[in-house]
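See below for target06.txt, which holds compact mmCIF, C-alpha atoms.
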```
# COMPACT_ATOMS: atom_id res chain seq x y z
CA MET A 255 -2.63 168.35 125.04
CA LEU A 256 -2.52 165.41 122.64
CA ALA A 257 -3.68 163.14 125.44
CA PHE A 258 -6.65 165.44 126.00
CA LEU A 259 -7.56 165.38 122.30
CA ARG A 260 -7.21 161.61 122.27
CA LEU A 261 -9.61 161.33 125.20
CA VAL A 262 -12.11 163.68 123.57
CA VAL A 263 -11.98 162.05 120.12
CA PHE A 264 -12.09 158.43 121.28
CA GLY A 265 -14.58 159.25 124.02
CA PHE A 266 -16.85 160.90 121.47
CA LEU A 267 -16.56 157.95 119.08
CA ILE A 268 -17.28 155.35 121.77
CA LEU A 269 -20.20 157.34 123.18
CA SER A 270 -21.57 157.79 119.67
CA VAL A 271 -21.53 154.03 119.09
CA ILE A 272 -23.38 153.54 122.39
CA TYR A 273 -25.81 156.33 121.46
CA VAL A 274 -26.62 154.79 118.09
CA VAL A 275 -27.06 151.29 119.55
CA VAL A 276 -29.29 152.52 122.39
CA SER A 277 -31.33 154.67 119.96
CA LEU A 278 -31.96 151.78 117.60
CA TRP A 279 -32.75 149.46 120.48
CA SER A 280 -35.15 151.99 122.02
CA ARG A 281 -36.96 152.51 118.70
CA ALA A 282 -37.29 148.77 118.17
CA THR A 283 -38.66 148.30 121.68
CA ARG A 284 -41.15 151.13 121.25
CA ARG A 285 -42.28 149.74 117.92
CA SER A 286 -42.89 146.24 119.19
CA LYS A 287 -44.76 147.66 122.18
CA LEU A 288 -46.96 149.66 119.79
CA GLU A 289 -47.65 146.51 117.80
CA GLN A 290 -48.70 144.71 120.96
CA GLU A 291 -50.83 147.68 121.96
CA TRP A 292 -52.53 147.68 118.59
CA GLU A 293 -53.34 143.98 118.93
CA ALA A 294 -54.52 144.35 122.51
CA SER A 295 -56.80 147.30 121.88
CA GLY A 296 -58.85 145.43 119.27
CA ARG A 297 -56.89 146.41 116.14
CA PRO A 298 -58.21 149.96 115.66
CA GLY A 299 -57.86 151.00 112.00
CA ASP A 300 -54.81 150.51 109.83
CA LYS A 301 -51.78 149.01 111.58
CA GLU A 302 -49.20 151.03 109.63
CA THR A 303 -50.94 154.34 110.40
CA TYR A 304 -51.14 153.38 114.06
CA LEU A 305 -47.42 152.60 114.14
CA THR A 306 -46.42 155.74 112.20
CA GLU A 307 -48.41 157.95 114.56
CA GLY A 308 -47.04 156.16 117.61
CA MET A 309 -43.46 156.52 116.41
CA ALA A 310 -44.00 160.20 115.55
CA GLN A 311 -45.16 160.64 119.14
CA TYR A 312 -42.02 158.85 120.33
CA ASP A 313 -39.86 161.16 118.21
CA ARG A 314 -41.21 164.15 120.14
CA SER A 315 -41.07 162.42 123.51
CA LEU A 316 -38.85 163.13 126.50
CA ARG A 317 -37.86 159.46 126.57
CA ARG A 318 -36.01 159.86 123.27
CA LYS A 319 -34.25 163.05 124.38
CA LEU A 320 -33.14 161.34 127.58
CA ILE A 321 -30.82 159.16 125.46
CA LEU A 322 -28.70 162.32 125.05
CA LEU A 323 -27.69 161.74 128.68
CA ILE A 324 -25.24 159.20 127.23
CA TYR A 325 -23.17 162.24 126.21
CA VAL A 326 -23.99 164.44 129.20
CA VAL A 327 -23.36 162.04 132.10
CA PRO A 328 -19.71 161.17 131.25
CA VAL A 329 -18.82 164.85 130.75
CA VAL A 330 -20.35 165.74 134.13
CA ALA A 331 -18.63 162.75 135.76
CA VAL A 332 -15.23 163.70 134.34
CA SER A 333 -15.66 167.31 135.48
CA ALA A 334 -16.65 166.12 138.95
CA ILE A 335 -13.63 163.78 139.18
CA ILE A 336 -11.28 166.57 138.04
CA TYR A 337 -12.68 168.84 140.74
CA VAL A 338 -12.54 166.22 143.49
CA THR A 339 -9.05 164.98 142.61
CA ASN A 340 -7.36 168.32 142.14
CA PHE A 341 -9.26 170.96 144.07
CA MET A 342 -10.74 169.31 147.14
CA MET B 90 -13.28 119.26 128.63
CA VAL B 91 -15.33 120.62 131.50
CA TYR B 92 -12.09 121.72 133.19
CA VAL B 93 -11.21 123.96 130.25
CA LYS B 94 -14.47 125.81 130.76
CA TRP B 95 -13.89 126.22 134.50
CA VAL B 96 -10.30 127.36 134.05
CA PHE B 97 -11.42 129.82 131.39
CA LEU B 98 -14.22 131.17 133.62
CA ALA B 99 -11.95 131.42 136.66
CA LEU B 100 -9.31 133.23 134.62
CA PHE B 101 -11.90 135.63 133.25
CA TRP B 102 -13.24 136.56 136.69
CA LEU B 103 -9.73 136.76 138.10
CA ILE B 104 -8.81 139.30 135.43
CA VAL B 105 -12.01 141.30 136.01
CA ALA B 106 -11.50 141.31 139.79
CA GLY B 107 -7.82 142.15 139.46
CA PHE B 108 -8.54 144.99 137.08
CA LEU B 109 -11.13 146.50 139.43
CA HIS B 110 -8.93 145.99 142.48
CA TYR B 111 -6.08 147.78 140.74
CA THR B 112 -8.15 150.62 139.28
CA LEU B 113 -10.68 151.53 141.97
CA PRO B 114 -9.59 153.88 144.75
CA GLN B 115 -8.72 152.60 148.21
CA ARG B 116 -7.95 154.48 151.37
CA ASP B 117 -5.20 153.57 153.81
CA ILE B 118 -4.79 155.22 157.17
CA VAL B 119 -1.10 155.88 157.61
CA ARG B 120 1.47 158.10 159.25
CA ILE B 121 3.60 159.90 156.68
CA VAL B 122 7.28 159.74 157.56
CA ASN B 123 9.15 161.05 154.54
CA THR B 124 9.06 161.86 150.86
CA TYR B 125 11.77 161.35 148.25
CA GLU B 126 12.34 161.59 144.55
CA GLU B 127 14.20 158.98 142.57
CA ARG B 128 14.91 158.30 138.93
CA GLN B 129 13.17 155.13 137.77
CA ASP B 130 13.97 152.99 134.78
CA VAL B 131 10.57 152.24 133.39
CA THR B 132 11.06 149.54 130.80
CA GLY B 133 9.72 146.07 130.17
CA TRP B 134 6.22 144.86 130.83
CA THR B 135 5.95 146.51 134.27
CA ARG B 136 5.82 149.84 132.47
CA MET B 137 2.04 149.67 132.62
CA PHE B 138 2.28 150.12 136.40
CA TRP B 139 3.80 153.57 135.92
CA ALA B 140 2.20 156.73 134.69
CA ALA B 141 2.19 157.67 131.03
CA SER B 142 0.23 160.85 131.29
CA ASP B 143 1.12 162.25 127.89
CA GLU B 144 2.66 161.46 124.51
CA SER B 145 6.13 162.72 125.31
CA GLN B 146 6.31 160.67 128.50
CA ALA B 147 5.20 157.59 126.62
CA LYS B 148 8.45 157.78 124.62
CA LEU B 149 10.69 157.99 127.70
CA GLU B 150 12.44 155.05 129.31
CA SER B 151 13.14 156.65 132.66
CA TRP B 152 12.04 159.66 134.62
CA ASP B 153 12.08 161.13 138.12
CA VAL B 154 9.28 159.86 140.31
CA GLN B 155 8.15 161.29 143.63
CA PHE B 156 7.50 158.86 146.45
CA ILE B 157 5.65 159.16 149.76
CA GLN B 158 6.87 156.92 152.56
CA ALA B 159 4.35 155.97 155.18
CA VAL B 160 3.87 153.65 158.13
CA GLN B 161 0.63 151.81 158.72
CA PRO B 162 -0.95 151.60 162.21
CA ASP B 163 0.36 148.03 162.60
CA GLY B 164 3.89 149.23 161.91
CA ASP B 165 4.21 147.89 158.36
CA PRO B 166 5.75 150.26 155.85
CA MET B 167 3.96 151.45 152.74
CA VAL B 168 5.45 153.46 149.90
CA TYR B 169 3.34 155.35 147.41
CA ARG B 170 4.39 156.90 144.16
CA ASN B 171 3.09 160.33 143.26
CA GLU B 172 2.50 160.72 139.55
CA ASP B 173 0.05 162.58 137.34
CA THR B 174 -2.45 160.42 135.53
CA GLY B 175 -3.36 163.33 133.27
CA TRP B 176 -6.04 162.51 130.73
CA GLY B 177 -4.96 158.90 130.52
CA TRP B 178 -5.88 155.67 132.25
CA PRO B 179 -6.95 155.16 135.01
CA PRO B 180 -9.35 158.09 134.83
CA TYR B 181 -8.42 159.94 137.99
CA PHE B 182 -7.52 163.10 136.04
CA LYS B 183 -4.80 163.86 138.54
CA PHE B 184 -2.80 166.97 137.65
CA ASP B 185 -1.86 168.20 141.12
CA THR B 186 1.15 165.99 141.79
CA ALA B 187 3.27 168.93 142.93
CA ASN B 188 0.51 170.11 145.30
CA LEU B 189 0.07 166.63 146.72
CA TYR B 190 3.83 166.41 147.27
CA THR B 191 3.68 169.65 149.21
CA ASP B 192 0.76 168.41 151.29
CA ALA B 193 2.58 165.16 151.98
CA ASN B 194 5.68 167.04 153.13
CA ASP B 195 3.49 169.18 155.34
CA SER B 196 1.92 166.05 156.87
CA VAL B 197 5.08 164.36 158.11
CA SER B 198 4.88 163.34 161.77
CA THR B 199 6.97 161.37 164.22
CA LYS B 200 6.29 158.16 166.11
CA ASP B 201 6.04 160.10 169.37
CA ALA B 202 3.47 162.58 168.11
CA PRO B 203 1.73 160.71 165.30
CA GLU B 204 -0.71 162.41 162.94
CA TRP B 205 -2.87 160.04 160.93
CA TYR B 206 -3.82 160.59 157.32
CA ALA B 207 -6.10 158.73 154.92
CA ILE B 208 -4.25 158.31 151.64
CA THR B 209 -6.53 157.69 148.69
CA HIS B 210 -4.68 155.65 146.11
CA TYR B 211 -5.04 153.10 143.37
CA GLY B 212 -2.66 150.37 142.29
CA TRP B 213 -0.57 147.76 144.01
CA ARG B 214 2.61 147.58 145.99
CA ASN B 215 4.72 144.65 144.89
CA GLU B 216 8.28 144.27 146.06
CA PHE B 217 9.26 141.73 143.38
CA LEU B 218 8.03 143.87 140.52
CA SER B 219 9.06 147.13 142.25
CA ILE B 220 5.69 148.71 141.66
CA PHE B 221 3.95 151.23 143.86
CA PRO B 222 0.37 152.41 144.32
CA ASN B 223 -0.23 155.93 143.07
CA ALA B 224 -1.41 158.35 145.78
CA VAL B 225 -4.32 160.50 144.62
CA SER B 226 -5.12 162.60 147.66
CA ILE B 227 -4.51 162.80 151.37
CA GLY B 228 -6.72 163.99 154.19
CA ARG B 229 -6.33 164.21 157.95
CA VAL B 230 -8.27 161.69 160.07
CA GLU B 231 -8.89 161.53 163.80
CA GLY B 232 -6.90 158.43 164.51
CA PRO B 233 -5.70 155.06 163.25
CA ASP B 234 -9.02 153.35 164.04
CA VAL B 235 -11.35 155.57 162.02
CA ARG B 236 -13.82 153.57 159.94
CA LEU B 237 -13.92 154.73 156.34
CA VAL B 238 -16.87 153.53 154.25
CA PRO B 239 -15.93 153.18 150.57
CA TRP B 240 -19.13 154.78 149.25
CA PHE B 241 -17.62 155.54 145.87
CA ASN B 242 -16.66 151.91 145.28
CA ILE B 243 -20.03 150.68 146.52
CA ILE B 244 -21.81 152.91 144.02
CA VAL B 245 -19.47 152.11 141.12
CA LEU B 246 -19.63 148.35 141.67
CA THR B 247 -23.42 148.42 142.06
CA VAL B 248 -23.90 150.41 138.86
CA LEU B 249 -21.41 148.20 137.02
CA ALA B 250 -23.17 145.04 138.19
CA ALA B 251 -26.55 146.48 137.17
CA PHE B 252 -25.26 147.33 133.68
CA ALA B 253 -23.60 143.94 133.23
CA TRP B 254 -26.73 142.17 134.38
CA GLY B 255 -28.96 144.28 132.13
CA ILE B 256 -26.84 143.57 129.05
CA TRP B 257 -26.50 139.88 129.94
CA VAL B 258 -30.27 139.42 130.30
CA ARG B 259 -30.90 141.16 126.98
CA TRP B 260 -28.23 139.10 125.24
CA LYS B 261 -29.76 135.88 126.61
CA ARG B 262 -33.19 136.97 125.42
CA PHE B 263 -31.80 137.95 122.00
CA ARG B 264 -30.11 134.57 121.67
CA LYS B 265 -33.22 132.69 122.66
CA ASN B 266 -35.59 134.65 120.42
CA ARG B 267 -33.44 135.35 117.38
CA ILE B 268 -30.34 133.23 117.11
CA GLU B 269 -31.57 129.85 118.31
CA PRO B 270 -34.66 129.76 116.04
CA THR B 271 -32.45 130.69 113.06
CA ILE B 272 -29.98 127.92 113.85
CA ASP B 273 -32.91 125.55 114.32
CA ASP B 274 -34.11 126.56 110.85
CA TRP B 275 -30.72 125.92 109.28
CA THR B 276 -30.23 122.63 111.03
CA ASP B 277 -33.80 121.46 110.48
CA GLY B 278 -33.92 117.74 109.92
CA TRP B 279 -30.34 117.11 110.97
CA GLY B 280 -31.60 114.83 113.69
```
Do you think you could lay out the structure here as structure tokens?
Amino acid sequence: MLAFLRLVVFGFLILSVIYVVVSLWSRATRRSKLEQEWEASGRPGDKETYLTEGMAQYDRSLRRKLILLIYVVPVVAVSAIIYVTNFM
Amino acid sequence: MVYVKWVFLALFWLIVAGFLHYTLPQRDIVRIVNTYEERQDVTGWTRMFWAASDESQAKLESWDVQFIQAVQPDGDPMVYRNEDTGWGWPPYFKFDTANLYTDANDSVSTKDAPEWYAITHYGWRNEFLSIFPNAVSIGRVEGPDVRLVPWFNIIVLTVLAAFAWGIWVRWKRFRKNRIEPTIDDWTDGWG
């Protein structure tokens, strides 16, 4: 039982670190792409407003929610391995 | 100095390859001849080649281990251990040791009327270290010449290589765009 808790706790911590890193990286990428977009489309209006709106759009996007797969995929994989190893 | 770099690189890749070779599953086609159980003293550095599936086992210095004796198609012997991995490493999440032992006993066949089985296992057999690969599952196959494609390993290695490459490329880019200019700034005018 302790081994199971250890797996869950450490797994959660490691996945959380990955989640945070990927989230920050994804935001930074999105932001720099928005900046490029703003430059390329002839600098429409205020740059800060453009970026704020773009990032708000990103916050609602599917792309951002997909990062949650970092938690989902390992859990599914572990369940699949348990099934295959013990019950097939 | 260039040798130091090459030795370091070779050692690094040797460790990576060895780790993967030990951890990833492999399938042998064998004829199972017997099973036995024997108390093993599990001390010293070779302890890592034995299971430590939970906290209480981690404190032990010896325990009973089940073994599966098998003969390969070319006549060479192979002995597998049969131990739970539990929730520990490597992540096979094997809890059905007793069931596998039963299956193995049910799969025993003679030289005259051989039945061939694919034993999925990880780990190494080494006579000098007295270590054994851990059997994970067994399944009946048609004969000793059946071709088994290691799809699981192909997928895992491909995904692993893709991840490593992706991180490597990003690290290189990060170094080029962020770290090198900063160092250039600091060392400006140093000649």
### Message
I want to know what sits within 12 Å of A:Pro328, based on all atoms listed in the file, with residues of the same chain fewer than 6 positions away left out; could you give that as JSON, numbers by chain?
### Response
{"A": [261, 262, 265, 266, 268, 269, 322, 334, 335], "B": [180]}
### Message
Residues of chain A within 12 Å of chain B, counting only C-alpha atoms - could you list those as a list of chain:residue names?
### Response
A:Met255, A:Leu256, A:Ala257, A:Phe258, A:Leu259, A:Arg260, A:Leu261, A:Val262, A:Phe264, A:Gly265, A:Val276, A:Trp279, A:Thr283, A:Pro328, A:Ala331, A:Val332, A:Ser333, A:Ala334, A:Ile335, A:Ile336, A:Tyr337, A:Val338, A:Thr339, A:Asn340, A:Phe341, A:Met342
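With atom CA of B:Glu231 on one side and atom CA of B:Ala207 on the other, the separation reads 9.7 Å.
Computed from the coordinates, the atom CA of B:Thr174 to atom CA of B:Leu113 distance equals 13.7 Å.
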#### Entry: Who sits within 12 Å of B:Thr135, all atoms listed in the file, same chain under 5 positions skipped, as an MDAnalysis selection string
chainID B and resid 129:130 140 150 213 215 217:221
### Message
If we count all atoms listed in the file and set the cut-off at 9 Å, which residues sit around B:Asn123, ignoring sequence neighbours fewer than 6 positions away in its own chain? Please answer as a ChimeraX atom specification.
### Response
/B:156-159,193-194,197-198
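Residues with any atom within 9 Å of the point (-31.6, 158.4, 123.2), counting all atoms listed in the file, are Tyr273, Val274, Val276, Ser277, Leu278, Ser280, Arg317, Arg318, Lys319, Leu320, Ile321, Leu322, Leu323 and Ile324 of chain A.
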Please, could you write that set of residues out with C-alpha atoms as a PDB file, in the frame of the given file?
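Dumped everything to part_30.pdb:
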```pdb
ATOM      1  CA  TYR A 273     -25.810 156.330 121.460  1.00  0.00           C
ATOM      2  CA  VAL A 274     -26.620 154.790 118.090  1.00  0.00           C
ATOM      3  CA  VAL A 276     -29.290 152.520 122.390  1.00  0.00           C
ATOM      4  CA  SER A 277     -31.330 154.670 119.960  1.00  0.00           C
ATOM      5  CA  LEU A 278     -31.960 151.780 117.600  1.00  0.00           C
ATOM      6  CA  SER A 280     -35.150 151.990 122.020  1.00  0.00           C
ATOM      7  CA  ARG A 317     -37.860 159.460 126.570  1.00  0.00           C
ATOM      8  CA  ARG A 318     -36.010 159.860 123.270  1.00  0.00           C
ATOM      9  CA  LYS A 319     -34.250 163.050 124.380  1.00  0.00           C
ATOM     10  CA  LEU A 320     -33.140 161.340 127.580  1.00  0.00           C
ATOM     11  CA  ILE A 321     -30.820 159.160 125.460  1.00  0.00           C
ATOM     12  CA  LEU A 322     -28.700 162.320 125.050  1.00  0.00           C
ATOM     13  CA  LEU A 323     -27.690 161.740 128.680  1.00  0.00           C
ATOM     14  CA  ILE A 324     -25.240 159.200 127.230  1.00  0.00           C
TER      15      ILE A 324
END
```
### Task
Can you work out the spacing between atom CA of A:Val327 and atom CA of B:Gly212 in Å, to one decimal?
25.9 Å
Considering only C-alpha atoms, return as a PDB file with C-alpha atoms, in the coordinates of the input whatever protein or nucleic-acid residues lie within 8 Å of stretch 298-306 of chain A, sequence-local ones (same chain, fewer than 2 positions apart) excluded.
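Written output follows (selection-v2.pdb):
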```
ATOM      1  CA  ARG A 285     -42.280 149.740 117.920  1.00  0.00           C
ATOM      2  CA  LEU A 288     -46.960 149.660 119.790  1.00  0.00           C
ATOM      3  CA  GLU A 289     -47.650 146.510 117.800  1.00  0.00           C
ATOM      4  CA  TRP A 292     -52.530 147.680 118.590  1.00  0.00           C
ATOM      5  CA  SER A 295     -56.800 147.300 121.880  1.00  0.00           C
ATOM      6  CA  GLY A 296     -58.850 145.430 119.270  1.00  0.00           C
ATOM      7  CA  GLY A 308     -47.040 156.160 117.610  1.00  0.00           C
ATOM      8  CA  MET A 309     -43.460 156.520 116.410  1.00  0.00           C
ATOM      9  CA  ALA A 310     -44.000 160.200 115.550  1.00  0.00           C
TER      10      ALA A 310
END
```
### Message
Using only C-alpha atoms, which protein or nucleic acid residues come within 10 Å of B:Leu237? Drop anything in the same chain fewer than 6 positions from it, and give the result as a count of residues only.
### Response
6
### Message
Distance cut-off 9 Å, centre (-38.8, 140.4, 120.0) in file coordinates, counting all atoms listed in the file: which residues qualify? Return them as a ChimeraX atom specification.
### Response
/A:282-283,286 /B:262-263,266-267
Around all of stretch 105-108 of chain B's listed atoms, make the axis-aligned box with 4 Å on each side and tell me centre and edge lengths in Å to one decimal, as AutoDock Vina command-line options.
```
--center_x -9.9 --center_y 143.1 --center_z 137.9 --size_x 12.2 --size_y 11.7 --size_z 11.8
```
